[in-house]
Amino acid sequence: MAVLTHGVVILGRFRSHAARVSMSAKPRSFVLAAILCLPLLSGCQGLPHAATPPADRRPGNADVAKPARNVILFLADAGGVSTLSGASLLGYNAPQKLHVQQWPHLGLSDTTPVDEWVSDSANGMSSIVTGVKTRNGVISQGPDAVRGSRDGTPSKTILEYAEERGLLTGVVTTQSIADATPAACYAHANDRKQWGGIFPQAFTPRFGDGVDVLIGAGRGKIGRQLRERGTSFDALAAQYRRPIHAQLGDVPASERRPVVVAERMDVRAATLKALDILEQSPKGYFLMVEWDAHTDDPAQGLQNVVDFDRLVAEVERRVDLDETLLVFTADHSFGFQVDGGGPGQPLLEGFEAWKKTDTEDNEDQPVRLRHVFVNRTHTGEEVAALATGVGAERIHGYFPNTHLFQVMLDAWGWKADDAGR
Ligand SMILES: [Zn+2]
């Protein structure tokens with residue numbers, strides 16, 4: 001029994017080394033190597049350890065000798081386990097064909113806010129990027145916030161930690177750049193609906209010089225809310241001497257800190273543009289990329305996940321996993337289910353007929369297709385958290401989503417502090 005236990009521990013450690021040694025990790029050859037090495041090792045004491053690991057590293061993570069330079073957080077908004085599963089079936093007509101489903105490290109992340117079972121994007125993302133669970137509707141403030149009426153204690157975000165230490169930072173989204181998920185990275189507010197108050201916070205950072213690359217949608221609605229507050233994109237651009245472009249294509253090649261607020265965003269082009277800039281950083285970077293994965297329209301939602309997954313694969317080919325942590329997760333789950341069908345049968349059979357009946361009057365009604373049911377609400381169960389690269393082995397088992405903040409911080413070798421809280 002003891003031998004078996006040690007064997008499992010040892011295999012796990014070799015697997016995590018393998019993931020860092022090579023982007024195209026070959027688990028079978030490493031497992032074989034680990035088995036061959038077994039007789040050489042006399043229990044766990046024989047394992048090589050990094051010299052004097054930092055005290056804030058948990059046991060089991062002591063073999064992370066070299067900290068990460070870069071962390072990229074991919075956030076599929078509402079992309080729970082069943083949505084990832086459905087995306088593989090839609091995109092590849094087979095289970096577990098997504099690129100992220102091949103990553104070596106997987107955990108199940110609890111998304112619940114402090115006072116309910118089901119999370120919105122505000123609490124879900126705030127918890128991931130600050131390590132502090134809060135209330136629905138609240139953007140990176142503690143649970144002492146009262147939504148819409150009283151500010152809570154600001155929770156320092158992973159982007160703020162990176163800014164404080166002189167790294168370059170980026171936030172890219174298919175959604176409004178002031179919507180809850182991107183906002184949780186760079187702003188603090190007691191109500192996610194305050195877009196006119198959230199967006200300008202990108203120009204008044206609490207740490208460093210603020211988010212360097214900010215690219216998303218929502219131009220019309222943010223513009224209206226800015227006007228209600230007596231300001232505008234032009235006024236902010238003049239005040240802070242930073243152009244606010246209406247399209248990605250308007251950004252000059254020489255611009256190092258672009259802000260783009262468009263009506264719609266090609267998030268693949270935006271992510272590649274962001275990397276062109278962030279990769280120039282002498283100290284590394286933090287990048288968050290959000291792609292909407294709500295399956296209110298199941299064809300759109302699942303296709304988004306397929307496309308996002310292809311982008312993740314493209315980014316992974318570009319970065320060096322010896323110095324980069326990649327994390328893929330969701331802010332909360334969603335009521336999407338596959339409850340029928342099989343190979344060769346169209347997953348979304350009946351979609352076209354349903355789509356004709358989908359009007360604003362019944363937008364909250366469930367979607368009933370032949371093989372798919374969508375209860376169009378957020379749901380409370382855990383979401384997948386997947387990772388590869390430096391420090392990714394910390395992601396395993398069940399954990400609260402606040403653990404993801406700690407994993408990102410640990411990858412850089414940084415300690416959490418109370419500054420600015
Ligand atoms: Zn969400």
# chains A, B, ... in the order shown; residues from 1 in each chain; ligands from 1

$ residues_near_ligand --ligand "ligand 1" --cutoff "12 Å" --atoms "only C-alpha atoms and all ligand atoms" --output "ChimeraX atom specification"
/A:75-80,111,118-126,136-137,175,179-184,192,290-295,329-334,377-379,383

$ select_by_dssp --residues "range 42-194 of chain A" --states "helix (DSSP H, G or I)" --output "ChimeraX atom specification"
/A:44-46,81-92,100-102,121-130,158-164,180-186

$ closest_residue --among "A:Asn93, A:Asn70, A:Thr130, A:Ser176" --to "Gln280 in chain A" --atoms "only C-alpha atoms"
A:Asn70

$ atom_distance --atom1 "CA of Ser155 in chain A" --atom2 "CA of Leu168 in chain A"
20.0 Å

$ closest_residue --among "A:Gly170, A:Gly340, A:Gly350, A:Gly196" --to "Arg256 in chain A" --atoms "only C-alpha atoms"
A:Gly170

$ select_by_dssp --residues "range 80-222 of chain A" --states "strand (DSSP E or B)" --output "MDAnalysis selection string"
chainID A and resid 105:110 139 141 146 150 154 168:176 189 213:217

$ residues_around --residues "Val260 in chain A" --least-positions-apart "6" --cutoff "8 Å" --atoms "only C-alpha atoms" --output "ChimeraX atom specification"
/A:214-217,244-248,251

$ residues_around --residues "Gly230 in chain A" --least-positions-apart "6" --cutoff "12 Å" --atoms "only C-alpha atoms" --output "list in words"
Gly196, Gly197, Gly223, Arg224 and Leu236 of chain A

$ atom_distance --atom1 "CA of Trp103 in chain A" --atom2 "CA of Ile395 in chain A"
11.2 Å

$ residues_around --residues "Asp276 in chain A" --least-positions-apart "5" --cutoff "10 Å" --atoms "only C-alpha atoms" --output "ChimeraX atom specification"
/A:253,256,270-271,281

$ write_last_selection --atoms "C-alpha atoms" --output "tab-separated table (two decimals), in the first residue's frame"
chain	number	residue	atom	x	y	z
A	253	ALA	CA	1.38	49.93	-34.93
A	256	ARG	CA	2.17	50.62	-26.74
A	270	ALA	CA	-7.43	41.61	-30.16
A	271	THR	CA	-5.61	38.89	-28.23
A	281	SER	CA	7.70	43.56	-21.40
